[in-house]
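Working notes for the structure below.
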Amino acid sequence: MVTEKGTISINTENIFPIIKKFLYSDHEIFLRELVSNAVDATQKIKKLSSIGQFDGELGDLKIKVSFDKDAKTITISDKGLGMTADEIKKYINQIAFSGAKEFVEKYKDESDKTQIIGQFGLGFYSAFMVAKEVEIITKSYQDAPAARWFSDGTTEFEISAAEKAERGTDIILHIAEDSEEFLEESKLEQVLVKYGKFLPVEIEFKDKVINNPSPIWVKTPSDLKDEDYIAFYKELYPYSEDPLFWIHLNVDYPFNLTGVLYFPKVKQDFQLNREKIQLYSRQVFITDDVKDIVPEFLQLLHGVIDSPDIPLNVSRSYLQADGNVKRINSHITKKVADKLSDLFREDRKAFEEKWESIGLFVKYGIISDDKFFDRAKDFILLKNTEGACFTIEEYKTKLEANQKDKDGKLVGLYANDISKQDAFIAGAKKREFDVLVFDDVLDAHFINAMESKVENLTFKRVDADTFDKLIDKGLKQEVVLGEDEKKKVEETFKEFVGNNIVQIEALPVDDIPVSIVVPEFMRRYADMSKVNGQGGMFGNMPMMYNLVVNGNHPIIGKIAKEGNENGLAKQLYDLALLSQGMLNGADLTQFIQRSVEKLG
Ligand SMILES: Nc1ncnc2c1ncn2[C@@H]1O[C@H](COP(=O)(O)OP(=O)(O)OP(=O)(O)O)[C@@H](O)[C@H]1O
């Protein structure tokens with residue numbers, strides 16, 4: 001047999017089923033496409049009028065969307081530039097069919113067929129996702145008779161003369177049975193509002209205009225007052241508290257981007273709500289899933305971004321690789337950092353007051369974006385137990401005086417629960433050490449990030465060890481106990497602590513006799529596992545701790561002689577547990593009973 005070569009032919013008759021099934025996963029998008037076309041037609045006639053190519057009356061340019069439940073139709077009417085019969089042939093028939101053919105050729109082997117329409121000028125054909133027949137009745141602004149186009153979703157179409165006196169286009173959709181939900185008023189309105197809320201031409205539905213044609217992001221920042229930004233915020237999120245502040249984005253080179261990003265007030269129970277930024281393209285709503293466009297940590301912000309330069313209708317993998325998307329990403333990050341830096345410099349007091357909310361974004365940024373630390377390092381604030389705020393540099397200077405260990409390392413002390421760790425904080429103050437407060441969910445990661453970025457700085461929780469060890473200045477203190485006494489004390493307490501360690505330390509006489517410390521590395525690992533949502537090894541295991549015994553305290557001197565004969569050691573041990581919140585259940589009950597008896 002002779003080898004025969006040929007090209008696989010693509011038959012345009014197969015196109016409609018493909019459009020119907022695969023082009024968009026979301027059928028409601030037909031409305032976005034058709035209303036956008038109506039907006040384009042309206043903008044074009046305005047343009048023609050402004051450059052003197054159309055000298056008739058523009059008249060009322062509202063776009064009207066209506067439906068007829070009995071006739072099962074949805075009609076989109078505009079007063080735009082209209083089309084002549086020849087233009088219909090050119091714009092609707094030819095381009096679309098060749099576009100569709102190209103589409104089939106390009107994507108016949110691809111599985112990711114969703115959201116590809118816009119590339120090919122096929123928007124109009126998305127009408128067939130919901131309609132079994134589509135009519136266009138249109139009259140051009142040019143001196144030409146009105147025309148009617150009709151198609152029943154095969155590749156056949158008709159063009160005939162039509163009765164239409166007014167300039168503009170009516171698109172009449174005869175809704176298919178499986179799409180009749182769009183004939184419900186509430187559904188239709190909801191979809192219309194979703195996609196058209198900020199379209200630049202007024203859109204009327206049921207005798208009322210449903211959109212705001214000039215949202216603030218298209219206006220010049222200098223023309224806007226704070227009230228305008230707050231009012232717009234309320235328009236987007238009706239039941240929210242006022243935002244803390246906002247950033248008006250306005251870029252025209254090397255890509256186009258406008259928008260307003262708001263910093264919301266964040267509560268301590270901070271939830272990762274990532275659907276608060278809406279993405280628009282020339283005021284047409286596209287999505288509220290901005291995962292690939294906005295850096296992860298900034299997805300906690302609210303607001304809108306509008307860019308005609310983001311390729312909207314292409315697959316995800318393409319979007320991630322797109323150069324504009326990457327640039328937009330880093331631009332937004334830079335803008336946010338600049339804004340925070342301005343706020344910090346212009347009004348530090350106000351910035352400090354808002355730090356609880358701002359701090360969460362900043363910390364999240366530092367943890368998730370390596371480069372963000374460099375942008376943020378000058379306005380990261382550290383707050384101490386007295387409420388005073390320091391930048392990292394200021395704090396390092398403060399530590400130089402009294403919290404430097406024998407190797408020259410600066411040691412920051414912190415508490416994450418000032419009420420529970422009160423005894424330890426008091427101990428630190430007695431030694432004139434400063435104690436920071438790190439008490440939000442991201443702090444465990446934040447501390448790690450700071451230690452890896454800031455030279456010569458380390459952090460330890462105030463109850464992680466005795467102060468002499470936390471900040472080891474190399475000064476050796478001697479315990480007043482002799483070797484045998486030490487041994488006796490250690491053995492006595494060993495009885496209670498199981499596998500944990502008993503350490504006898506030379507502490508000031510007036511320090512508490514027995515306390516419990518949890519080594520920094522161990523507790524930190526457990527904290528981070530908690531944030532990451534995994535119990536991990538430490539999640540299920542009781543935390544290891546060290547029992548610190550103050551070898552210089554008079555009561556310990558007594559125990560060195562008597563052991564636990566009088567129950568003294570046990571009582572001290574229980575007190576140490578109690579102060580760390582570790583005395584529970586039967587142990588706690590017995591402790592209380594014993595204490596009461598002692599009082600009697
Ligand atoms: N309401 C209308 N009034 C006037 N011309 C229209 C109207 N709707 C569509 N057209 C013409 O038909 C063309 C094809 O429309 P279609 O929606 O298929 O593609 P597009 O708008 O060019 O691109 P996209 O696929 O991104 O929507 C338009 O470019 C326009 O010239």
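Labeling convention for the structure tokens: chains A, B, ... as they appear, residues from 1 per chain, ligands from 1 in order of appearance.
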For Tyr233 in chain A, work out the shell of residues within 10 Å, counting only C-alpha atoms and skipping chain neighbours fewer than 3 positions away, then give it as a compact mmCIF listing (two decimals) with C-alpha atoms, in the first residue's frame.
```txt
# COMPACT_ATOMS: atom_id res chain seq x y z
CA ILE A 216 -12.78 55.36 42.95
CA GLU A 227 -14.47 59.66 53.20
CA ASP A 228 -14.53 58.57 49.57
CA TYR A 229 -12.20 55.68 50.24
CA ILE A 230 -14.14 54.62 53.30
CA LEU A 236 -17.50 46.52 48.67
CA TYR A 237 -17.93 45.05 52.14
CA PRO A 238 -21.14 46.44 53.60
CA TYR A 239 -20.83 45.13 57.15
CA SER A 240 -17.16 45.68 57.82
CA GLU A 241 -15.45 47.96 60.28
CA ASP A 242 -13.59 50.92 58.79
CA PRO A 243 -10.26 49.96 57.26
CA TRP A 246 -5.35 52.13 52.04
CA VAL A 260 -7.16 50.39 45.83
CA LEU A 261 -5.93 48.01 48.49
CA TYR A 262 -7.23 48.36 52.02
CA PRO A 264 -8.53 45.85 57.33
CA HIS A 302 -9.10 43.90 50.82
CA GLY A 303 -9.98 45.93 47.75
CA VAL A 304 -9.75 45.86 43.99
```
Write out as a list of chain:residue names the residues lying within 10 Å of Leu188 in chain A, counting only C-alpha atoms and excluding same-chain residues fewer than 5 positions away.
->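 The residues satisfying every condition are A:Glu28, A:Leu31, A:Val65, A:Ser66, A:Phe67, A:Ile74, A:Glu181, A:Phe182, A:Leu183, A:Val193, A:Lys194, A:Phe205.
Closest approach to Phe245 in chain A among A:Ala401, A:Val497, A:Ile358, A:Ile504 is made by A:Ile358 (distances from only C-alpha atoms).
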All alpha helix (DSSP H) positions in range 44-289 of chain A, as number ranges by chain = A: 44-50, 85-87, 95-107, 185-196, 226-236
Selection to disk with N, CA and C atoms, as a short mmCIF file (atom, residue, chain, number, x, y, z; two decimals), in the first residue's frame:
```cif
data_model
loop_
_atom_site.label_atom_id
_atom_site.label_comp_id
_atom_site.auth_asym_id
_atom_site.auth_seq_id
_atom_site.Cartn_x
_atom_site.Cartn_y
_atom_site.Cartn_z
N LYS A 44 -17.36 53.04 22.02
CA LYS A 44 -16.92 53.36 20.65
C LYS A 44 -17.72 54.52 20.06
N ILE A 45 -19.04 54.52 20.30
CA ILE A 45 -19.83 55.61 19.72
C ILE A 45 -19.49 56.94 20.39
N LYS A 46 -19.18 56.88 21.68
CA LYS A 46 -18.77 58.11 22.38
C LYS A 46 -17.47 58.63 21.77
N LYS A 47 -16.58 57.71 21.52
CA LYS A 47 -15.29 58.07 20.93
C LYS A 47 -15.49 58.71 19.54
N LEU A 48 -16.31 58.03 18.72
CA LEU A 48 -16.57 58.55 17.37
C LEU A 48 -17.15 59.96 17.44
N SER A 49 -18.03 60.15 18.41
CA SER A 49 -18.65 61.46 18.57
C SER A 49 -17.60 62.50 18.99
N SER A 50 -16.72 62.09 19.90
CA SER A 50 -15.75 63.07 20.40
C SER A 50 -14.71 63.46 19.34
N ALA A 85 -25.17 45.12 8.07
CA ALA A 85 -25.22 43.70 7.72
C ALA A 85 -23.82 43.18 7.35
N ASP A 86 -23.08 44.01 6.63
CA ASP A 86 -21.72 43.58 6.26
C ASP A 86 -20.82 43.42 7.47
N GLU A 87 -21.00 44.33 8.42
CA GLU A 87 -20.17 44.22 9.65
C GLU A 87 -20.51 42.96 10.44
N ILE A 95 -14.77 36.18 11.75
CA ILE A 95 -13.73 36.16 12.79
C ILE A 95 -13.97 35.03 13.77
N ALA A 96 -15.21 34.94 14.17
CA ALA A 96 -15.51 33.93 15.17
C ALA A 96 -15.23 32.54 14.64
N PHE A 97 -15.66 32.30 13.42
CA PHE A 97 -15.46 30.93 12.94
C PHE A 97 -14.00 30.61 12.73
N SER A 98 -13.27 31.59 12.23
CA SER A 98 -11.85 31.28 12.08
C SER A 98 -11.20 31.18 13.46
N GLY A 99 -11.64 32.03 14.36
CA GLY A 99 -11.11 31.98 15.73
C GLY A 99 -11.41 30.64 16.37
N ALA A 100 -12.62 30.19 16.15
CA ALA A 100 -13.01 28.93 16.76
C ALA A 100 -12.20 27.78 16.19
N LYS A 101 -11.96 27.86 14.90
CA LYS A 101 -11.19 26.81 14.25
C LYS A 101 -9.76 26.77 14.81
N GLU A 102 -9.22 27.96 14.93
CA GLU A 102 -7.88 28.07 15.48
C GLU A 102 -7.85 27.48 16.89
N PHE A 103 -8.90 27.81 17.61
CA PHE A 103 -9.02 27.31 18.97
C PHE A 103 -8.99 25.79 19.01
N VAL A 104 -9.81 25.19 18.14
CA VAL A 104 -9.89 23.73 18.15
C VAL A 104 -8.53 23.14 17.79
N GLU A 105 -7.88 23.76 16.83
CA GLU A 105 -6.58 23.24 16.42
C GLU A 105 -5.57 23.34 17.56
N LYS A 106 -5.60 24.47 18.21
CA LYS A 106 -4.60 24.68 19.24
C LYS A 106 -4.84 23.81 20.47
N TYR A 107 -6.07 23.62 20.80
CA TYR A 107 -6.35 22.98 22.08
C TYR A 107 -6.92 21.58 21.97
N GLU A 185 -35.43 36.17 38.14
CA GLU A 185 -34.99 37.55 38.34
C GLU A 185 -33.78 37.65 39.29
N SER A 186 -33.90 36.92 40.41
CA SER A 186 -32.84 37.08 41.41
C SER A 186 -31.50 36.55 40.88
N LYS A 187 -31.55 35.45 40.18
CA LYS A 187 -30.32 34.87 39.64
C LYS A 187 -29.69 35.81 38.60
N LEU A 188 -30.54 36.30 37.72
CA LEU A 188 -30.03 37.16 36.66
C LEU A 188 -29.42 38.44 37.25
N GLU A 189 -30.12 38.99 38.23
CA GLU A 189 -29.62 40.21 38.86
C GLU A 189 -28.29 39.95 39.57
N GLN A 190 -28.24 38.82 40.26
CA GLN A 190 -27.02 38.49 41.01
C GLN A 190 -25.81 38.38 40.06
N VAL A 191 -26.00 37.71 38.94
CA VAL A 191 -24.90 37.55 37.99
C VAL A 191 -24.52 38.90 37.37
N LEU A 192 -25.54 39.67 37.07
CA LEU A 192 -25.31 40.98 36.47
C LEU A 192 -24.52 41.89 37.41
N VAL A 193 -24.92 41.88 38.67
CA VAL A 193 -24.24 42.72 39.66
C VAL A 193 -22.81 42.22 39.87
N LYS A 194 -22.68 40.90 39.92
CA LYS A 194 -21.36 40.33 40.16
C LYS A 194 -20.35 40.81 39.11
N TYR A 195 -20.71 40.71 37.86
CA TYR A 195 -19.75 41.04 36.81
C TYR A 195 -19.77 42.51 36.40
N GLY A 196 -20.94 43.15 36.62
CA GLY A 196 -21.09 44.48 36.05
C GLY A 196 -21.12 45.62 37.04
N ASP A 226 -10.58 61.05 52.31
CA ASP A 226 -10.67 59.82 53.10
C ASP A 226 -12.07 59.24 53.08
N GLU A 227 -13.08 60.14 53.18
CA GLU A 227 -14.47 59.66 53.20
C GLU A 227 -14.79 58.86 51.95
N ASP A 228 -14.23 59.29 50.81
CA ASP A 228 -14.53 58.57 49.57
C ASP A 228 -14.00 57.14 49.62
N TYR A 229 -12.78 57.02 50.16
CA TYR A 229 -12.20 55.68 50.24
C TYR A 229 -12.99 54.80 51.21
N ILE A 230 -13.40 55.41 52.31
CA ILE A 230 -14.14 54.62 53.30
C ILE A 230 -15.52 54.24 52.73
N ALA A 231 -16.14 55.18 52.03
CA ALA A 231 -17.46 54.88 51.45
C ALA A 231 -17.35 53.76 50.42
N PHE A 232 -16.28 53.77 49.66
CA PHE A 232 -16.11 52.71 48.66
C PHE A 232 -15.86 51.36 49.34
N TYR A 233 -15.12 51.41 50.42
CA TYR A 233 -14.88 50.18 51.19
C TYR A 233 -16.20 49.58 51.65
N LYS A 234 -17.07 50.47 52.12
CA LYS A 234 -18.38 49.99 52.60
C LYS A 234 -19.23 49.46 51.44
N GLU A 235 -19.00 50.04 50.26
CA GLU A 235 -19.74 49.55 49.10
C GLU A 235 -19.30 48.12 48.77
N LEU A 236 -18.01 47.87 48.95
CA LEU A 236 -17.50 46.52 48.67
C LEU A 236 -17.85 45.52 49.77
#
```
Close residues to ligand 1 using only C-alpha atoms and all ligand atoms, limit 9 Å, as a PyMOL selection string = chain A and resi 33-42+44+76-83+87-88+90-93+95-96+117-126+136+138+140+168-171+313
Using only C-alpha atoms, which residue out of A:Gln580, A:Thr391, A:Thr385, A:Ser452 lies closest to Leu436 in chain A?
-> A:Thr385
Nearest-residue call for Lys570 in chain A, choices A:Glu394, A:Glu495, A:Asp370, A:Glu4, using only C-alpha atoms =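 Using only C-alpha atoms, the shortest distance to Lys570 in chain A belongs to A:Glu495.
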Find the spatial neighbours of range 128-135 of chain A, counting only C-alpha atoms, within a cut-off of 6 Å - ignore same-chain residues fewer than 3 positions away - and output them as a list in words.
->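 With the cut-off at 6 Å, the set is Lys20, Tyr125, Trp149, Phe150, Ser151, Asp152, Ile171, Ile172, Leu173, His174, Ile175, Ala176 and Ser179 of chain A.
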Would you write out those residues with C-alpha atoms, as a compact mmCIF listing (two decimals), in the first residue's frame?
```
# COMPACT_ATOMS: atom_id res chain seq x y z
CA LYS A 20 -20.92 24.91 24.99
CA TYR A 125 -20.42 32.86 21.14
CA TRP A 149 -28.84 37.88 12.41
CA PHE A 150 -30.13 34.58 13.63
CA SER A 151 -28.46 31.31 14.49
CA ASP A 152 -29.74 28.17 16.15
CA ILE A 171 -28.92 40.65 21.58
CA ILE A 172 -31.85 38.29 22.19
CA LEU A 173 -31.08 34.95 23.76
CA HIS A 174 -33.63 32.17 23.55
CA ILE A 175 -32.69 30.32 26.67
CA ALA A 176 -32.15 26.55 26.47
CA SER A 179 -30.27 27.04 31.57
```
For Glu353 in chain A, list every protein, DNA or RNA residue within 12 Å, evaluated using only C-alpha atoms, and leave out those in the same chain fewer than 3 positions away; present the list as a list of chain:residue names.
-> A:Leu244, A:Lys265, A:Leu343, A:Phe344, A:Asp347, A:Arg348, A:Lys349, A:Ala350, A:Glu356, A:Ser357, A:Ile358, A:Gly359, A:Leu381, A:Lys383, A:Gly387, A:Ala388, A:Cys389
For the residues in the current selection, export N, CA and C atoms as a CSV table (one decimal), in the first residue's frame.
```
chain,number,residue,atom,x,y,z
A,244,LEU,N,-8.1,50.3,58.2
A,244,LEU,CA,-7.0,51.1,58.9
A,244,LEU,C,-6.4,52.2,58.0
A,265,LYS,N,-8.9,46.0,59.7
A,265,LYS,CA,-8.5,45.8,61.1
A,265,LYS,C,-8.5,44.3,61.3
A,343,LEU,N,3.9,55.8,56.4
A,343,LEU,CA,3.1,55.9,57.6
A,343,LEU,C,3.9,55.9,58.8
A,344,PHE,N,4.9,55.1,58.9
A,344,PHE,CA,5.8,55.0,60.0
A,344,PHE,C,6.6,56.3,60.2
A,347,ASP,N,3.9,59.5,61.0
A,347,ASP,CA,3.2,59.5,62.2
A,347,ASP,C,3.5,58.2,63.0
A,348,ARG,N,4.6,58.2,63.7
A,348,ARG,CA,5.0,57.0,64.3
A,348,ARG,C,4.0,56.5,65.4
A,349,LYS,N,3.5,57.5,66.1
A,349,LYS,CA,2.6,57.2,67.2
A,349,LYS,C,1.3,56.4,66.6
A,350,ALA,N,0.8,57.0,65.5
A,350,ALA,CA,-0.4,56.3,64.9
A,350,ALA,C,0.0,54.9,64.4
A,356,GLU,N,-0.8,46.3,66.0
A,356,GLU,CA,-1.4,45.0,66.3
A,356,GLU,C,-1.9,44.4,64.9
A,357,SER,N,-2.6,45.2,64.2
A,357,SER,CA,-3.1,44.8,62.9
A,357,SER,C,-2.0,44.7,61.8
A,358,ILE,N,-1.3,45.9,61.7
A,358,ILE,CA,-0.2,45.9,60.7
A,358,ILE,C,0.8,44.8,60.9
A,359,GLY,N,1.1,44.6,62.1
A,359,GLY,CA,2.1,43.6,62.5
A,359,GLY,C,1.9,42.3,61.9
A,381,LEU,N,8.2,46.6,64.4
A,381,LEU,CA,8.2,47.1,65.8
A,381,LEU,C,8.2,45.9,66.8
A,383,LYS,N,7.5,45.3,70.8
A,383,LYS,CA,6.8,45.9,71.9
A,383,LYS,C,7.2,45.2,73.2
A,387,GLY,N,4.7,48.3,77.0
A,387,GLY,CA,4.0,48.9,75.9
A,387,GLY,C,4.9,49.9,75.1
A,388,ALA,N,6.1,49.9,75.4
A,388,ALA,CA,7.0,50.8,74.6
A,388,ALA,C,7.4,50.0,73.3
A,389,CYS,N,7.5,50.7,72.2
A,389,CYS,CA,7.8,50.1,70.9
A,389,CYS,C,9.2,50.5,70.4
```
Tell me which of A:Val218, A:Ile447, A:Ile328, A:Ile286 sits closest to Arg32 in chain A, counting only C-alpha atoms.
-> A:Ile286
All residues 10 Å or closer to Leu457 in chain A, only C-alpha atoms, same chain fewer than 6 positions away omitted, as a PyMOL selection string | chain A and resi 392+396+399+404+408-412+450-451
Let's have the selection written as a PDB file, in the first residue's frame, with N, CA and C atoms.
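This is the output file selection_28.pdb:
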```pdb
ATOM      1  N   ILE A 392      14.014  47.386  65.232  1.00  0.00           N
ATOM      2  CA  ILE A 392      15.059  46.396  65.526  1.00  0.00           C
ATOM      3  C   ILE A 392      16.365  47.089  65.901  1.00  0.00           C
ATOM      4  N   LYS A 396      18.338  46.787  69.426  1.00  0.00           N
ATOM      5  CA  LYS A 396      19.714  46.282  69.537  1.00  0.00           C
ATOM      6  C   LYS A 396      20.566  47.236  70.386  1.00  0.00           C
ATOM      7  N   LEU A 399      19.765  46.675  73.958  1.00  0.00           N
ATOM      8  CA  LEU A 399      20.325  45.439  74.512  1.00  0.00           C
ATOM      9  C   LEU A 399      21.829  45.544  74.794  1.00  0.00           C
ATOM     10  N   LYS A 404      23.948  41.576  76.836  1.00  0.00           N
ATOM     11  CA  LYS A 404      24.925  41.012  75.918  1.00  0.00           C
ATOM     12  C   LYS A 404      25.635  39.888  76.654  1.00  0.00           C
ATOM     13  N   GLY A 408      29.399  38.202  73.195  1.00  0.00           N
ATOM     14  CA  GLY A 408      29.023  39.419  72.475  1.00  0.00           C
ATOM     15  C   GLY A 408      27.671  39.325  71.778  1.00  0.00           C
ATOM     16  N   LYS A 409      26.947  38.244  72.006  1.00  0.00           N
ATOM     17  CA  LYS A 409      25.645  38.064  71.371  1.00  0.00           C
ATOM     18  C   LYS A 409      24.579  38.820  72.165  1.00  0.00           C
ATOM     19  N   LEU A 410      23.690  39.500  71.436  1.00  0.00           N
ATOM     20  CA  LEU A 410      22.607  40.228  72.112  1.00  0.00           C
ATOM     21  C   LEU A 410      21.444  39.275  72.345  1.00  0.00           C
ATOM     22  N   VAL A 411      20.949  39.288  73.567  1.00  0.00           N
ATOM     23  CA  VAL A 411      19.870  38.354  73.900  1.00  0.00           C
ATOM     24  C   VAL A 411      18.600  39.130  74.253  1.00  0.00           C
ATOM     25  N   GLY A 412      17.579  38.967  73.436  1.00  0.00           N
ATOM     26  CA  GLY A 412      16.283  39.573  73.736  1.00  0.00           C
ATOM     27  C   GLY A 412      15.452  38.587  74.524  1.00  0.00           C
ATOM     28  N   MET A 450      13.525  36.540  62.302  1.00  0.00           N
ATOM     29  CA  MET A 450      14.379  37.655  62.732  1.00  0.00           C
ATOM     30  C   MET A 450      15.775  37.169  63.087  1.00  0.00           C
ATOM     31  N   GLU A 451      15.827  36.041  63.799  1.00  0.00           N
ATOM     32  CA  GLU A 451      17.148  35.534  64.193  1.00  0.00           C
ATOM     33  C   GLU A 451      17.997  35.182  62.982  1.00  0.00           C
TER      34      GLU A 451
END
```
Nearest to Val251 in chain A, restricted to only C-alpha atoms and choosing among A:Arg282, A:Arg524, A:Lys206, A:Lys335, comes out as A:Lys335
If you count only C-alpha atoms, which residues fall within 8 Å of Tyr280 in chain A, apart from same-chain ones fewer than 3 positions away, as a PyMOL selection string?
-> chain A and resi 283-287+304-307
Got a sec to tell me which of range 214-403 of chain A DSSP assigns to strand (DSSP E or B), as an NGL selection string?
-> :A and (245-251 or 257-263 or 277-281 or 284-287 or 302-306 or 382-384 or 389-390)
Keeping only C-alpha atoms, write the selected residues as a short mmCIF file (atom, residue, chain, number, x, y, z; two decimals), in the first residue's frame.
```cif
data_model
loop_
_atom_site.label_atom_id
_atom_site.label_comp_id
_atom_site.auth_asym_id
_atom_site.auth_seq_id
_atom_site.Cartn_x
_atom_site.Cartn_y
_atom_site.Cartn_z
CA PHE A 245 -5.63 52.73 55.76
CA TRP A 246 -5.35 52.13 52.04
CA ILE A 247 -3.09 52.30 49.06
CA HIS A 248 -4.19 53.70 45.74
CA LEU A 249 -2.32 51.86 43.00
CA ASN A 250 -1.77 53.68 39.76
CA VAL A 251 0.81 52.34 37.35
CA LEU A 257 -2.58 48.60 36.85
CA THR A 258 -4.98 50.58 38.97
CA GLY A 259 -6.71 49.70 42.17
CA VAL A 260 -7.16 50.39 45.83
CA LEU A 261 -5.93 48.01 48.49
CA TYR A 262 -7.23 48.36 52.02
CA PHE A 263 -5.68 47.21 55.26
CA ILE A 277 -9.47 41.23 46.74
CA GLN A 278 -11.39 41.45 43.52
CA LEU A 279 -9.71 41.44 40.17
CA TYR A 280 -11.09 43.53 37.32
CA SER A 281 -10.06 44.10 33.77
CA VAL A 284 -15.23 44.09 34.26
CA PHE A 285 -15.18 41.76 37.24
CA ILE A 286 -13.01 38.74 36.58
CA THR A 287 -12.44 36.87 39.80
CA HIS A 302 -9.10 43.90 50.82
CA GLY A 303 -9.98 45.93 47.75
CA VAL A 304 -9.75 45.86 43.99
CA ILE A 305 -7.09 45.55 41.34
CA ASP A 306 -7.82 46.41 37.74
CA LEU A 382 9.03 45.17 68.93
CA LYS A 383 6.83 45.92 71.90
CA ASN A 384 7.86 45.36 75.50
CA CYS A 389 7.82 50.11 70.88
CA PHE A 390 11.27 49.80 69.32
#
```
Which of A:Val454, A:Val201, A:Val549, A:Met522 sits closest to Tyr395 in chain A [using only C-alpha atoms] =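 Using only C-alpha atoms, the shortest distance to Tyr395 in chain A belongs to A:Val454.
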